[in-house]
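File shown: model-v7.txt (compact mmCIF, N, CA and C atoms and all ligand atoms).
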# COMPACT_ATOMS: atom_id res chain seq x y z
N MET A 209 0.85 -1.18 0.00
CA MET A 209 0.00 0.00 0.00
C MET A 209 0.89 1.23 0.00
N SER A 210 0.50 2.19 -0.82
CA SER A 210 1.27 3.42 -0.92
C SER A 210 0.53 4.55 -0.23
N LEU A 211 1.25 5.41 0.48
CA LEU A 211 0.63 6.53 1.19
C LEU A 211 0.14 7.57 0.19
N PRO A 212 -0.94 8.34 0.57
CA PRO A 212 -1.37 9.45 -0.28
C PRO A 212 -0.23 10.45 -0.47
N ARG A 213 -0.29 11.19 -1.58
CA ARG A 213 0.77 12.16 -1.89
C ARG A 213 0.20 13.56 -1.99
N LEU A 214 0.95 14.53 -1.44
CA LEU A 214 0.63 15.94 -1.56
C LEU A 214 1.82 16.60 -2.23
N GLN A 215 1.57 17.76 -2.84
CA GLN A 215 2.64 18.51 -3.49
C GLN A 215 2.88 19.81 -2.73
N SER A 216 4.11 20.25 -2.69
CA SER A 216 4.46 21.54 -2.11
C SER A 216 5.29 22.32 -3.12
N GLU A 217 5.04 23.60 -3.19
CA GLU A 217 5.81 24.49 -4.08
C GLU A 217 7.11 24.96 -3.41
N MET A 218 7.29 24.56 -2.16
CA MET A 218 8.44 25.06 -1.38
C MET A 218 9.45 23.93 -1.14
N PRO A 219 10.70 24.30 -0.90
CA PRO A 219 11.65 23.29 -0.44
C PRO A 219 11.34 22.90 1.00
N ARG A 220 11.88 21.78 1.45
CA ARG A 220 11.70 21.36 2.83
C ARG A 220 12.27 22.44 3.76
N PRO A 221 11.59 22.73 4.88
CA PRO A 221 12.09 23.77 5.79
C PRO A 221 13.45 23.41 6.37
N CYS A 222 13.70 22.13 6.57
CA CYS A 222 15.05 21.68 6.94
C CYS A 222 15.22 20.27 6.40
N CYS A 223 16.39 20.00 5.94
CA CYS A 223 16.62 18.69 5.31
C CYS A 223 16.76 17.63 6.39
N PRO A 224 16.19 16.44 6.12
CA PRO A 224 16.34 15.36 7.10
C PRO A 224 17.78 14.89 7.19
N ARG A 225 18.12 14.37 8.34
CA ARG A 225 19.45 13.79 8.53
C ARG A 225 19.47 12.40 7.89
N VAL A 226 20.34 12.23 6.91
CA VAL A 226 20.45 10.94 6.24
C VAL A 226 21.79 10.34 6.61
N ASP A 227 21.73 9.17 7.23
CA ASP A 227 22.96 8.44 7.56
C ASP A 227 22.70 6.96 7.33
N GLU A 228 23.62 6.10 7.72
CA GLU A 228 23.49 4.67 7.45
C GLU A 228 22.24 4.07 8.11
N HIS A 229 21.72 4.68 9.18
CA HIS A 229 20.56 4.14 9.88
C HIS A 229 19.25 4.71 9.36
N THR A 230 19.29 5.83 8.65
CA THR A 230 18.06 6.47 8.18
C THR A 230 17.91 6.46 6.66
N GLU A 231 18.97 6.11 5.94
CA GLU A 231 18.95 6.21 4.48
C GLU A 231 17.80 5.40 3.85
N LEU A 232 17.61 4.16 4.29
CA LEU A 232 16.55 3.34 3.71
C LEU A 232 15.17 3.94 4.01
N PHE A 233 14.99 4.51 5.21
CA PHE A 233 13.71 5.14 5.53
C PHE A 233 13.38 6.23 4.53
N TRP A 234 14.33 7.13 4.27
CA TRP A 234 14.06 8.26 3.38
C TRP A 234 13.89 7.81 1.93
N LYS A 235 14.65 6.82 1.50
CA LYS A 235 14.48 6.30 0.13
C LYS A 235 13.12 5.64 -0.04
N THR A 236 12.68 4.91 0.97
CA THR A 236 11.39 4.22 0.90
C THR A 236 10.24 5.21 0.99
N LEU A 237 10.43 6.30 1.75
CA LEU A 237 9.39 7.33 1.81
C LEU A 237 9.14 7.92 0.41
N GLU A 238 10.19 8.07 -0.37
CA GLU A 238 10.02 8.55 -1.75
C GLU A 238 9.09 7.63 -2.54
N ASP A 239 9.09 6.34 -2.20
CA ASP A 239 8.24 5.36 -2.88
C ASP A 239 6.85 5.26 -2.24
N GLY A 240 6.57 6.09 -1.22
CA GLY A 240 5.24 6.11 -0.62
C GLY A 240 5.06 5.16 0.55
N LYS A 241 6.15 4.71 1.14
CA LYS A 241 6.05 3.83 2.31
C LYS A 241 6.75 4.46 3.51
N PHE A 242 6.13 4.30 4.69
CA PHE A 242 6.68 4.80 5.95
C PHE A 242 7.16 3.60 6.74
N LEU A 243 8.46 3.46 6.89
CA LEU A 243 9.02 2.28 7.56
C LEU A 243 9.18 2.51 9.06
N LEU A 244 8.88 1.46 9.81
CA LEU A 244 9.15 1.42 11.24
C LEU A 244 10.21 0.37 11.48
N ALA A 245 11.00 0.57 12.52
CA ALA A 245 12.00 -0.43 12.89
C ALA A 245 11.39 -1.38 13.91
N VAL A 246 11.65 -2.68 13.74
CA VAL A 246 11.18 -3.70 14.67
C VAL A 246 12.39 -4.47 15.19
N CYS A 247 12.45 -4.61 16.50
CA CYS A 247 13.57 -5.31 17.12
C CYS A 247 13.38 -6.82 17.01
N GLY A 248 14.39 -7.48 16.47
CA GLY A 248 14.34 -8.93 16.35
C GLY A 248 14.55 -9.66 17.67
N ASP A 249 15.01 -8.95 18.69
CA ASP A 249 15.25 -9.58 20.00
C ASP A 249 14.06 -9.44 20.93
N CYS A 250 13.43 -8.26 20.99
CA CYS A 250 12.33 -8.05 21.95
C CYS A 250 11.02 -7.65 21.27
N SER A 251 11.01 -7.55 19.93
CA SER A 251 9.80 -7.27 19.14
C SER A 251 9.25 -5.86 19.30
N THR A 252 9.97 -4.94 19.93
CA THR A 252 9.51 -3.56 20.07
C THR A 252 9.54 -2.86 18.72
N THR A 253 8.42 -2.22 18.36
CA THR A 253 8.35 -1.42 17.14
C THR A 253 8.69 0.01 17.51
N GLN A 254 9.49 0.69 16.69
CA GLN A 254 9.97 2.00 17.07
C GLN A 254 10.23 2.93 15.90
N PHE A 255 10.26 4.23 16.23
CA PHE A 255 10.58 5.30 15.30
C PHE A 255 11.10 6.45 16.14
N PRO A 256 12.05 7.24 15.70
CA PRO A 256 12.71 7.21 14.39
C PRO A 256 13.75 6.10 14.29
N PRO A 257 14.24 5.89 13.04
CA PRO A 257 15.28 4.88 12.84
C PRO A 257 16.52 5.23 13.67
N ARG A 258 17.16 4.22 14.20
CA ARG A 258 18.37 4.42 15.01
C ARG A 258 19.21 3.16 14.94
N LYS A 259 20.38 3.21 15.54
CA LYS A 259 21.29 2.08 15.40
C LYS A 259 21.03 0.97 16.42
N HIS A 260 20.25 1.26 17.47
CA HIS A 260 19.96 0.23 18.46
C HIS A 260 18.51 0.33 18.91
N CYS A 261 18.02 -0.77 19.49
CA CYS A 261 16.64 -0.82 19.97
C CYS A 261 16.47 0.11 21.17
N SER A 262 15.37 0.87 21.19
CA SER A 262 15.13 1.81 22.29
C SER A 262 14.70 1.09 23.57
N ALA A 263 14.33 -0.19 23.47
CA ALA A 263 13.88 -0.93 24.65
C ALA A 263 14.97 -1.82 25.23
N CYS A 264 15.68 -2.57 24.39
CA CYS A 264 16.66 -3.54 24.91
C CYS A 264 18.09 -3.22 24.46
N TYR A 265 18.26 -2.18 23.67
CA TYR A 265 19.57 -1.74 23.17
C TYR A 265 20.23 -2.75 22.23
N GLY A 266 19.46 -3.75 21.79
CA GLY A 266 19.99 -4.71 20.83
C GLY A 266 20.17 -4.06 19.46
N HIS A 267 20.98 -4.69 18.63
CA HIS A 267 21.27 -4.16 17.30
C HIS A 267 20.59 -4.97 16.20
N ASN A 268 19.67 -5.83 16.56
CA ASN A 268 19.00 -6.73 15.62
C ASN A 268 17.70 -6.10 15.12
N LEU A 269 17.80 -4.94 14.46
CA LEU A 269 16.62 -4.23 13.99
C LEU A 269 16.33 -4.55 12.53
N ASP A 270 15.05 -4.66 12.22
CA ASP A 270 14.62 -4.87 10.85
C ASP A 270 13.51 -3.86 10.56
N TRP A 271 13.07 -3.78 9.31
CA TRP A 271 12.08 -2.78 8.90
C TRP A 271 10.75 -3.43 8.61
N THR A 272 9.68 -2.69 8.90
CA THR A 272 8.34 -3.10 8.48
C THR A 272 7.56 -1.85 8.08
N PRO A 273 6.78 -1.92 6.99
CA PRO A 273 6.01 -0.73 6.60
C PRO A 273 4.83 -0.49 7.53
N ALA A 274 4.62 0.75 7.92
CA ALA A 274 3.46 1.12 8.72
C ALA A 274 2.22 1.08 7.84
N SER A 275 1.06 0.85 8.47
CA SER A 275 -0.20 0.85 7.72
C SER A 275 -0.53 2.25 7.23
N GLY A 276 -0.03 3.26 7.94
CA GLY A 276 -0.31 4.66 7.59
C GLY A 276 -1.42 5.26 8.42
N GLY A 277 -2.13 4.44 9.20
CA GLY A 277 -3.22 4.95 10.02
C GLY A 277 -2.79 5.27 11.44
N GLY A 278 -3.49 6.22 12.05
CA GLY A 278 -3.19 6.56 13.42
C GLY A 278 -4.25 7.48 14.00
N VAL A 279 -4.04 7.88 15.25
CA VAL A 279 -4.99 8.72 15.99
C VAL A 279 -4.23 9.90 16.58
N ILE A 280 -4.85 11.08 16.52
CA ILE A 280 -4.23 12.27 17.12
C ILE A 280 -4.24 12.14 18.64
N TYR A 281 -3.08 12.24 19.25
CA TYR A 281 -2.96 12.28 20.72
C TYR A 281 -3.09 13.72 21.20
N ALA A 282 -2.43 14.64 20.50
CA ALA A 282 -2.47 16.06 20.85
C ALA A 282 -2.01 16.86 19.64
N SER A 283 -2.38 18.13 19.60
CA SER A 283 -1.90 18.99 18.51
C SER A 283 -1.83 20.42 19.00
N THR A 284 -1.09 21.24 18.25
CA THR A 284 -1.00 22.66 18.57
C THR A 284 -0.77 23.44 17.28
N ARG A 285 -1.28 24.66 17.26
CA ARG A 285 -1.13 25.54 16.11
C ARG A 285 0.06 26.46 16.36
N VAL A 286 0.97 26.51 15.39
CA VAL A 286 2.15 27.37 15.51
C VAL A 286 1.89 28.63 14.68
N HIS A 287 1.81 29.77 15.36
CA HIS A 287 1.54 31.04 14.67
C HIS A 287 2.81 31.84 14.40
N ALA A 288 3.80 31.70 15.25
CA ALA A 288 5.06 32.42 15.08
C ALA A 288 6.19 31.40 15.13
N ALA A 289 6.79 31.17 13.99
CA ALA A 289 7.87 30.19 13.91
C ALA A 289 9.15 30.91 13.53
N GLY A 290 10.25 30.35 13.95
CA GLY A 290 11.53 30.97 13.65
C GLY A 290 12.30 30.21 12.59
N GLY A 291 13.38 30.82 12.15
CA GLY A 291 14.32 30.17 11.24
C GLY A 291 13.65 29.63 9.99
N PRO A 292 13.96 28.39 9.63
CA PRO A 292 13.47 27.83 8.37
C PRO A 292 11.97 27.57 8.36
N PHE A 293 11.32 27.59 9.54
CA PHE A 293 9.88 27.31 9.62
C PHE A 293 9.04 28.57 9.51
N ALA A 294 9.64 29.74 9.49
CA ALA A 294 8.89 31.00 9.50
C ALA A 294 7.97 31.13 8.29
N ALA A 295 8.42 30.69 7.12
CA ALA A 295 7.61 30.82 5.90
C ALA A 295 6.39 29.89 5.91
N MET A 296 6.39 28.88 6.77
CA MET A 296 5.27 27.92 6.81
C MET A 296 4.15 28.40 7.73
N ALA A 297 4.44 29.30 8.67
CA ALA A 297 3.47 29.68 9.70
C ALA A 297 2.30 30.44 9.08
N PRO A 298 1.07 30.27 9.58
CA PRO A 298 0.75 29.35 10.68
C PRO A 298 0.61 27.91 10.17
N TYR A 299 0.94 26.98 11.03
CA TYR A 299 0.80 25.55 10.70
C TYR A 299 0.53 24.77 11.99
N THR A 300 0.08 23.54 11.84
CA THR A 300 -0.29 22.71 12.98
C THR A 300 0.61 21.49 13.03
N VAL A 301 1.08 21.17 14.21
CA VAL A 301 1.83 19.94 14.43
C VAL A 301 1.05 19.08 15.42
N GLY A 302 1.20 17.78 15.28
CA GLY A 302 0.47 16.88 16.16
C GLY A 302 1.32 15.70 16.59
N ILE A 303 0.97 15.17 17.74
CA ILE A 303 1.53 13.90 18.19
C ILE A 303 0.53 12.83 17.79
N ILE A 304 0.99 11.87 17.00
CA ILE A 304 0.12 10.85 16.42
C ILE A 304 0.50 9.48 16.98
N ASP A 305 -0.50 8.74 17.45
CA ASP A 305 -0.28 7.35 17.85
C ASP A 305 -0.60 6.47 16.64
N LEU A 306 0.44 5.95 16.01
CA LEU A 306 0.23 5.07 14.85
C LEU A 306 -0.41 3.76 15.30
N ASP A 307 -1.09 3.11 14.38
CA ASP A 307 -1.77 1.86 14.70
C ASP A 307 -0.80 0.78 15.17
N GLU A 308 0.47 0.92 14.83
CA GLU A 308 1.47 -0.06 15.25
C GLU A 308 1.99 0.20 16.66
N GLY A 309 1.43 1.23 17.36
CA GLY A 309 1.82 1.49 18.74
C GLY A 309 3.00 2.43 18.89
N VAL A 310 3.33 3.13 17.84
CA VAL A 310 4.45 4.07 17.87
C VAL A 310 3.91 5.49 17.86
N ARG A 311 4.46 6.34 18.71
CA ARG A 311 4.04 7.75 18.79
C ARG A 311 5.03 8.60 18.02
N ILE A 312 4.52 9.42 17.07
CA ILE A 312 5.39 10.27 16.27
C ILE A 312 4.89 11.72 16.33
N LEU A 313 5.77 12.63 15.99
CA LEU A 313 5.43 14.05 15.86
C LEU A 313 5.48 14.40 14.39
N THR A 314 4.44 15.04 13.88
CA THR A 314 4.44 15.42 12.47
C THR A 314 3.50 16.60 12.25
N ARG A 315 3.55 17.16 11.09
CA ARG A 315 2.68 18.27 10.71
C ARG A 315 1.31 17.73 10.32
N LEU A 316 0.24 18.41 10.72
CA LEU A 316 -1.13 18.06 10.34
C LEU A 316 -1.54 19.00 9.21
N MET A 317 -1.90 18.43 8.08
CA MET A 317 -2.19 19.22 6.89
C MET A 317 -3.68 19.45 6.71
N HIS A 318 -4.03 20.58 6.14
CA HIS A 318 -5.38 20.92 5.69
C HIS A 318 -6.42 20.71 6.80
N ASP A 319 -7.48 19.95 6.52
CA ASP A 319 -8.56 19.82 7.49
C ASP A 319 -8.16 18.97 8.69
N ALA A 320 -7.06 18.24 8.63
CA ALA A 320 -6.60 17.50 9.80
C ALA A 320 -6.13 18.46 10.89
N SER A 321 -5.79 19.69 10.51
CA SER A 321 -5.25 20.63 11.48
C SER A 321 -6.29 21.10 12.49
N SER A 322 -7.57 20.91 12.20
CA SER A 322 -8.61 21.34 13.15
C SER A 322 -9.28 20.17 13.86
N LEU A 323 -8.78 18.96 13.68
CA LEU A 323 -9.39 17.79 14.32
C LEU A 323 -9.02 17.71 15.79
N PRO A 324 -9.95 17.23 16.63
CA PRO A 324 -9.65 17.09 18.06
C PRO A 324 -8.85 15.82 18.34
N PRO A 325 -8.24 15.73 19.52
CA PRO A 325 -7.57 14.48 19.91
C PRO A 325 -8.53 13.30 19.79
N GLY A 326 -8.01 12.16 19.40
CA GLY A 326 -8.82 10.96 19.20
C GLY A 326 -9.27 10.76 17.77
N SER A 327 -9.08 11.78 16.92
CA SER A 327 -9.50 11.67 15.52
C SER A 327 -8.53 10.81 14.72
N ARG A 328 -9.08 10.09 13.75
CA ARG A 328 -8.27 9.24 12.87
C ARG A 328 -7.59 10.11 11.80
N VAL A 329 -6.32 9.81 11.57
CA VAL A 329 -5.56 10.46 10.50
C VAL A 329 -4.79 9.40 9.73
N ASN A 330 -4.33 9.77 8.56
CA ASN A 330 -3.46 8.91 7.76
C ASN A 330 -2.16 9.65 7.49
N LEU A 331 -1.09 8.92 7.48
CA LEU A 331 0.18 9.49 7.03
C LEU A 331 0.11 9.73 5.53
N ALA A 332 0.82 10.75 5.07
CA ALA A 332 0.92 11.05 3.64
C ALA A 332 2.35 11.50 3.36
N VAL A 333 2.73 11.42 2.11
CA VAL A 333 4.03 11.92 1.67
C VAL A 333 3.79 13.29 1.04
N ILE A 334 4.51 14.30 1.51
CA ILE A 334 4.46 15.61 0.86
C ILE A 334 5.75 15.78 0.07
N GLU A 335 5.56 16.00 -1.23
CA GLU A 335 6.71 16.12 -2.12
C GLU A 335 7.09 17.58 -2.26
N HIS A 336 8.14 17.97 -1.55
CA HIS A 336 8.67 19.33 -1.66
C HIS A 336 9.55 19.40 -2.90
N THR A 337 9.98 20.59 -3.25
CA THR A 337 10.78 20.76 -4.46
C THR A 337 12.15 20.08 -4.36
N ASP A 338 12.59 19.80 -3.13
CA ASP A 338 13.91 19.17 -2.95
C ASP A 338 13.86 17.79 -2.32
N GLY A 339 12.65 17.21 -2.17
CA GLY A 339 12.56 15.87 -1.60
C GLY A 339 11.31 15.72 -0.75
N PRO A 340 11.07 14.50 -0.27
CA PRO A 340 9.83 14.23 0.47
C PRO A 340 9.97 14.43 1.98
N LEU A 341 8.85 14.70 2.62
CA LEU A 341 8.69 14.62 4.07
C LEU A 341 7.39 13.88 4.32
N PHE A 342 7.13 13.49 5.56
CA PHE A 342 5.85 12.87 5.90
C PHE A 342 5.01 13.85 6.69
N VAL A 343 3.70 13.76 6.53
CA VAL A 343 2.73 14.59 7.24
C VAL A 343 1.53 13.71 7.55
N ALA A 344 0.53 14.26 8.25
CA ALA A 344 -0.71 13.54 8.51
C ALA A 344 -1.87 14.33 7.89
N VAL A 345 -2.85 13.58 7.36
CA VAL A 345 -4.04 14.17 6.76
C VAL A 345 -5.27 13.51 7.38
N ASN A 346 -6.42 14.17 7.26
CA ASN A 346 -7.68 13.63 7.77
C ASN A 346 -7.96 12.28 7.12
N ALA A 347 -8.33 11.28 7.94
CA ALA A 347 -8.61 9.95 7.41
C ALA A 347 -10.02 9.85 6.85
N ALA A 348 -10.88 10.84 7.16
CA ALA A 348 -12.28 10.76 6.72
C ALA A 348 -12.41 11.05 5.23
ZN ZN B 401 14.74 -4.72 21.49

Please go through the file and, once you have read it, give me the structure as structure tokens.
Ligand SMILES: [Zn+2]
Amino acid sequence: MSLPRLQSEMPRPCCPRVDEHTELFWKTLEDGKFLLAVCGDCSTTQFPPRKHCSACYGHNLDWTPASGGGVIYASTRVHAAGGPFAAMAPYTVGIIDLDEGVRILTRLMHDASSLPPGSRVNLAVIEHTDGPLFVAVNAA
């Protein structure tokens, strides 16, 4: 399953850190998939990508694609942003509990920005002029 896609006329406000532990995540996001890391030792699912398990510190991590669905835990509207985010303001960011049990922070786009906690959202890929980022959109 491929995530919905949005287009942006702007470059990414800040470029993601790409290293040996995150490179596959960012390449796969370009293809419309959001990968989560799963520990082969204790089965903990986690994000963001890292070199060791956040629960047992093991190095036996593998990847699994997220379903893309989740629920808003909390959100806030940013009216005054600094640095590279100033051109985006106002915008909404939310803490999302993915269906796989992982909590992430991401931008809430369009009508998802006014949804209350507990609302269903879907992850989407936003294609900026210089590469992709992930965001959340209304699941309805
Ligand atoms: Zn583990």

Output as JSON lines one row per residue of stretch 220-250 of chain A within 7 Å of stretch 289-310 of chain A: the closest atom pair and its distance in Å to one decimal place, counting only N, CA and C atoms, sorted by chain and residue number ascending.
{"residue": "A:Arg220", "atom": "C", "partner": "A:Pro292", "partner_atom": "C", "distance": 6.9}
{"residue": "A:Pro221", "atom": "CA", "partner": "A:Pro292", "partner_atom": "C", "distance": 4.6}
{"residue": "A:Cys222", "atom": "N", "partner": "A:Pro292", "partner_atom": "CA", "distance": 6.0}

_Which of stretch 274-306 of chain A fall in helix (DSSP H, G or I), as a count of residues only_ = 6

*asked:* Excluding stretch 223-231 of chain A and its own-chain neighbours fewer than 5 positions away, which residues fall within 6 Å of it when counting only N, CA and C atoms? Please give them as a list in words.
replied: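 Contacts, with the query itself left out: Thr236, Pro257, Arg258 and Lys259 of chain A.
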
*Would you mind reading off the distance between atom N of A:Arg315 and atom C of A:Arg328, one decimal, in Å?*
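Value for the atom N of A:Arg315-atom C of A:Arg328 distance: 13.2 Å.
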
_Residues near A:Leu269, anyone? I mean within 6 Å using all atoms listed in the file, not counting same-chain ones fewer than 4 positions away, as a list in words._
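Close residues of A:Leu269: Ala245, Val246, Cys247 and Gly248 of chain A.
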
Output file for the residues above (N, CA and C atoms, as a PDB file, in the frame of the given file):
ATOM      1  N   ALA A 245      11.000   0.570  12.520  1.00  0.00           N
ATOM      2  CA  ALA A 245      12.000  -0.430  12.890  1.00  0.00           C
ATOM      3  C   ALA A 245      11.390  -1.380  13.910  1.00  0.00           C
ATOM      4  N   VAL A 246      11.650  -2.680  13.740  1.00  0.00           N
ATOM      5  CA  VAL A 246      11.180  -3.700  14.670  1.00  0.00           C
ATOM      6  C   VAL A 246      12.390  -4.470  15.190  1.00  0.00           C
ATOM      7  N   CYS A 247      12.450  -4.610  16.500  1.00  0.00           N
ATOM      8  CA  CYS A 247      13.570  -5.310  17.120  1.00  0.00           C
ATOM      9  C   CYS A 247      13.380  -6.820  17.010  1.00  0.00           C
ATOM     10  N   GLY A 248      14.390  -7.480  16.470  1.00  0.00           N
ATOM     11  CA  GLY A 248      14.340  -8.930  16.350  1.00  0.00           C
ATOM     12  C   GLY A 248      14.550  -9.660  17.670  1.00  0.00           C
TER      13      GLY A 248
END
